[in-house]
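Printed here is my_file.cif (mmCIF, C-alpha atoms):
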data_upload
loop_
_atom_site.label_atom_id
_atom_site.label_comp_id
_atom_site.auth_asym_id
_atom_site.auth_seq_id
_atom_site.Cartn_x
_atom_site.Cartn_y
_atom_site.Cartn_z
CA MET A 57 37.64 -55.44 -12.05
CA THR A 58 41.41 -55.61 -12.13
CA LYS A 59 43.11 -52.28 -11.59
CA PHE A 60 45.83 -51.23 -13.99
CA ALA A 61 48.49 -48.80 -12.87
CA VAL A 62 49.24 -45.76 -14.98
CA HIS A 63 53.02 -45.83 -14.76
CA THR A 64 55.00 -42.61 -14.93
CA LYS A 65 58.67 -41.76 -15.14
CA ASP A 66 58.59 -41.24 -11.36
CA ASN A 67 56.54 -44.29 -10.41
CA HIS A 68 57.13 -47.46 -12.39
CA PRO A 69 58.45 -51.00 -12.18
CA ASP A 70 62.11 -51.33 -13.16
CA HIS A 71 61.26 -53.10 -16.42
CA ALA A 72 59.29 -50.03 -17.61
CA HIS A 73 62.01 -47.40 -17.19
CA ASP A 74 63.46 -47.57 -20.71
CA ILE A 75 60.12 -47.54 -22.54
CA LEU A 76 58.77 -44.67 -20.42
CA THR A 77 61.91 -42.66 -21.17
CA LYS A 78 61.38 -43.35 -24.87
CA VAL A 79 57.67 -42.45 -24.66
CA GLU A 80 58.40 -39.15 -22.94
CA GLY A 81 61.03 -38.37 -25.56
CA SER A 82 58.56 -39.06 -28.37
CA TYR A 83 55.46 -37.36 -26.96
CA GLY A 84 56.86 -34.81 -24.52
CA PHE A 85 54.93 -36.50 -21.71
CA VAL A 86 53.73 -40.00 -20.88
CA PRO A 87 50.13 -40.38 -22.05
CA ASN A 88 48.06 -42.52 -19.68
CA LEU A 89 47.57 -45.17 -22.37
CA LEU A 90 51.33 -45.68 -22.73
CA GLY A 91 51.73 -45.53 -18.95
CA ILE A 92 49.39 -48.51 -18.74
CA MET A 93 50.96 -50.26 -21.74
CA SER A 94 54.40 -49.99 -20.12
CA GLU A 95 53.37 -52.76 -17.71
CA SER A 96 54.37 -54.85 -20.71
CA PRO A 97 57.16 -52.93 -22.45
CA GLU A 98 56.69 -55.14 -25.51
CA VAL A 99 53.12 -53.89 -25.89
CA ALA A 100 54.19 -50.25 -25.60
CA GLU A 101 57.08 -50.81 -28.05
CA THR A 102 54.77 -52.51 -30.54
CA TYR A 103 52.21 -49.72 -30.29
CA MET A 104 54.86 -47.05 -30.86
CA PHE A 105 56.42 -49.05 -33.72
CA MET A 106 53.03 -49.34 -35.40
CA ALA A 107 52.35 -45.61 -34.95
CA ASN A 108 55.66 -44.79 -36.61
CA ALA A 109 55.05 -47.29 -39.42
CA LEU A 110 51.68 -45.68 -40.15
CA LYS A 111 53.46 -42.40 -40.88
CA ASN A 112 55.08 -44.15 -43.87
CA THR A 113 51.89 -45.44 -45.47
CA ASN A 114 50.35 -43.87 -48.56
CA PHE A 115 47.66 -42.24 -46.42
CA THR A 116 47.48 -38.49 -46.20
CA ASP A 117 47.37 -37.24 -42.60
CA GLU A 118 43.63 -36.68 -42.97
CA GLU A 119 43.03 -40.20 -44.32
CA LEU A 120 45.00 -41.77 -41.48
CA HIS A 121 42.94 -39.84 -38.96
CA VAL A 122 39.73 -40.95 -40.69
CA VAL A 123 40.69 -44.61 -40.22
CA TRP A 124 41.75 -44.03 -36.60
CA PHE A 125 38.51 -42.18 -35.87
CA THR A 126 36.41 -44.84 -37.58
CA VAL A 127 37.95 -47.64 -35.50
CA ASN A 128 37.62 -45.60 -32.31
CA VAL A 129 33.92 -44.92 -32.95
CA PHE A 130 33.29 -48.55 -33.92
CA HIS A 131 34.86 -49.71 -30.63
CA ASP A 132 33.29 -46.89 -28.56
CA CYS A 133 36.73 -45.84 -27.27
CA ASN A 134 36.33 -42.56 -25.40
CA TYR A 135 40.06 -42.32 -24.56
CA CYS A 136 41.24 -42.68 -28.15
CA MET A 137 38.56 -40.35 -29.51
CA ALA A 138 39.67 -37.64 -27.09
CA ALA A 139 43.36 -38.26 -27.83
CA HIS A 140 42.92 -38.41 -31.60
CA SER A 141 40.70 -35.33 -31.62
CA ALA A 142 43.52 -33.44 -29.87
CA ILE A 143 46.18 -34.92 -32.17
CA ALA A 144 44.08 -34.23 -35.29
CA THR A 145 43.70 -30.62 -34.18
CA MET A 146 47.48 -30.35 -33.70
CA ASP A 147 47.97 -31.97 -37.13
CA LYS A 148 45.71 -29.27 -38.63
CA ILE A 149 43.13 -31.78 -39.85
CA PRO A 150 40.06 -29.82 -41.04
CA ALA A 151 37.56 -29.15 -38.25
CA THR A 152 34.79 -30.53 -40.48
CA THR A 153 36.60 -33.87 -40.68
CA ILE A 154 37.07 -34.02 -36.92
CA GLU A 155 33.43 -33.06 -36.28
CA ALA A 156 32.12 -35.63 -38.76
CA ALA A 157 34.19 -38.30 -37.02
CA ARG A 158 33.07 -37.29 -33.53
CA THR A 159 29.38 -37.31 -34.56
CA ASN A 160 29.71 -40.34 -36.84
CA ALA A 161 28.39 -38.27 -39.75
CA ASP A 162 29.18 -38.85 -43.39
CA TYR A 163 32.18 -37.05 -44.85
CA ASP A 164 31.53 -34.51 -47.60
CA ASP A 165 34.60 -35.79 -49.44
CA PRO A 166 33.63 -38.99 -51.33
CA ARG A 167 37.14 -40.41 -50.98
CA LEU A 168 37.10 -40.02 -47.19
CA GLN A 169 33.61 -41.48 -47.06
CA ALA A 170 34.75 -44.51 -49.10
CA LEU A 171 37.66 -44.96 -46.67
CA LYS A 172 35.30 -44.81 -43.70
CA ILE A 173 32.87 -47.31 -45.28
CA PHE A 174 35.65 -49.73 -46.18
CA THR A 175 37.07 -49.53 -42.65
CA ILE A 176 33.63 -50.20 -41.14
CA LYS A 177 33.06 -53.15 -43.48
CA MET A 178 36.45 -54.60 -42.49
CA LEU A 179 35.61 -54.19 -38.79
CA GLU A 180 32.09 -55.59 -39.11
CA GLY A 181 33.31 -58.57 -41.11
CA ARG A 182 36.44 -59.05 -38.97
CA GLY A 183 38.41 -58.92 -42.22
CA TRP A 184 35.99 -61.08 -44.20
CA VAL A 185 34.62 -58.75 -46.85
CA ASP A 186 32.93 -59.48 -50.14
CA GLY A 187 35.01 -58.82 -53.25
CA THR A 188 32.58 -56.08 -54.24
CA VAL A 189 33.54 -54.18 -51.06
CA VAL A 190 37.20 -54.23 -52.03
CA GLU A 191 36.37 -53.33 -55.64
CA ALA A 192 34.30 -50.32 -54.51
CA PHE A 193 37.21 -49.19 -52.34
CA LEU A 194 39.66 -49.52 -55.23
CA ALA A 195 37.24 -47.67 -57.51
CA ALA A 196 37.36 -44.74 -55.06
CA GLY A 197 41.05 -44.35 -55.98
CA PHE A 198 42.68 -46.55 -53.39
CA THR A 199 45.11 -49.42 -54.05
CA ASN A 200 45.85 -52.93 -52.82
CA ARG A 201 48.54 -51.35 -50.66
CA THR A 202 45.91 -49.11 -49.07
CA VAL A 203 43.80 -52.19 -48.26
CA LEU A 204 46.76 -53.53 -46.28
CA ASP A 205 47.39 -50.12 -44.69
CA VAL A 206 43.78 -50.03 -43.47
CA ILE A 207 44.34 -53.44 -41.85
CA LEU A 208 47.52 -52.17 -40.18
CA THR A 209 45.67 -49.11 -38.87
CA ILE A 210 42.79 -51.24 -37.58
CA SER A 211 45.33 -53.42 -35.78
CA HIS A 212 47.03 -50.38 -34.23
CA LYS A 213 43.79 -48.88 -32.95
CA THR A 214 42.30 -52.20 -31.83
CA LEU A 215 45.36 -52.72 -29.62
CA SER A 216 44.84 -49.37 -27.88
CA ASN A 217 41.03 -49.53 -27.85
CA TYR A 218 40.97 -52.93 -26.17
CA ILE A 219 43.57 -51.89 -23.60
CA ASN A 220 41.59 -48.74 -22.83
CA HIS A 221 38.44 -50.80 -22.34
CA VAL A 222 40.06 -53.34 -20.02
CA ALA A 223 42.11 -50.79 -18.10
CA GLN A 224 39.49 -48.01 -18.12
CA THR A 225 42.25 -45.58 -19.04
CA PRO A 226 41.62 -42.11 -17.64
CA VAL A 227 41.73 -39.33 -20.23
CA ASP A 228 44.87 -37.20 -19.89
CA LYS A 229 44.51 -33.53 -18.97
CA ALA A 230 45.98 -32.65 -22.37
CA PHE A 231 43.11 -34.49 -24.09
CA ALA A 232 40.31 -33.54 -21.65
CA PRO A 233 39.04 -30.60 -23.75
CA PHE A 234 38.25 -33.19 -26.44
CA ALA A 235 36.33 -35.59 -24.18
CA TRP A 236 33.97 -37.87 -26.07
CA ALA A 237 31.53 -40.60 -25.16
CA PRO A 238 29.66 -42.99 -27.45
CA ASN A 239 26.31 -41.70 -26.22
CA ALA A 240 27.44 -38.17 -27.12
CA ILE A 241 26.89 -39.03 -30.79
CA ALA A 242 23.13 -39.07 -30.29
CA ALA A 243 23.24 -35.82 -28.32
CA GLU A 244 25.34 -33.84 -30.83
#

With the file now loaded, output its structure as structure tokens.
Amino acid sequence: MTKFAVHTKDNHPDHAHDILTKVEGSYGFVPNLLGIMSESPEVAETYMFMANALKNTNFTDEELHVVWFTVNVFHDCNYCMAAHSAIATMDKIPATTIEAARTNADYDDPRLQALKIFTIKMLEGRGWVDGTVVEAFLAAGFTNRTVLDVILTISHKTLSNYINHVAQTPVDKAFAPFAWAPNAIAAE
């Protein structure tokens, strides 16, 4: 297995200096995922651009986290589940929403459940979904714009999930209290 370096502000190739400075300014530290991504500054820049773009979608904070969590569970990404559990907690997302995501349980809120189901259908079908799937999503109160925003969010999380899988990204100390593993779903 190829080893990927987790670059830091103190230990990085010259081409990563600017992006790591930007990452630290945005997050207050360099998360391991972005330390790995900085091997290709374009990847790290794209990831950060997408994260910022997602803040401007029509999603509520809770809805955005539901899509992130759904993609992370679908891809069995322990790093992103830990990170997003920590971030969701900081964003004051209801504990019941976080717990439902971490255990892959249904959401009590029908709108959130419809968002989760639509996201899963998009992932399972790799974007090929039956018209009735889209119609059910729209009937839950979402819009054509939201369909596109789900696709953007899937793209954002797939980028990080795949990198975490290939690089075996170690969970940051800041996220360690929220450690998660796919097999933990059965145990919880």

**Picked residues, the PyMOL selection byres ((chain A and resi 230) around 10), as a PyMOL selection string** = chain A and resi 85+87+138-139+142+227-229+231-234

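Take the candidates A:Val99, A:Val206, A:Met104, A:Ala170 and check each one against A:Leu120 using all atoms listed in the file; the shortest distance goes to A:Val206.
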
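Compared by their closest atoms to A:Glu101, and using only C-alpha atoms, the residues A:Leu215, A:Leu194, A:Met178, A:Met146 rank with A:Leu215 nearest.
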
**Message:** Translate the PyMOL selection byres ((chain A and resi 60) around 8) into a concrete residue list for this structure, as a PyMOL selection string.
**Reply:** chain A and resi 58-59+61-62+92+223

**Message:** Here's the selection I'm unsure about, the PyMOL selection byres ((chain A and resi 201-203) around 10); applied to the file above, which residues does it give, as a PyMOL selection string?
**Reply:** chain A and resi 113-115+171+174-175+178+190+193-194+197-200+204-208

**Request:** Have a look at atom CA of A:His131 and atom CA of A:Thr214 and let me know their distance in Å, one decimal.
**Result:** 7.9 Å
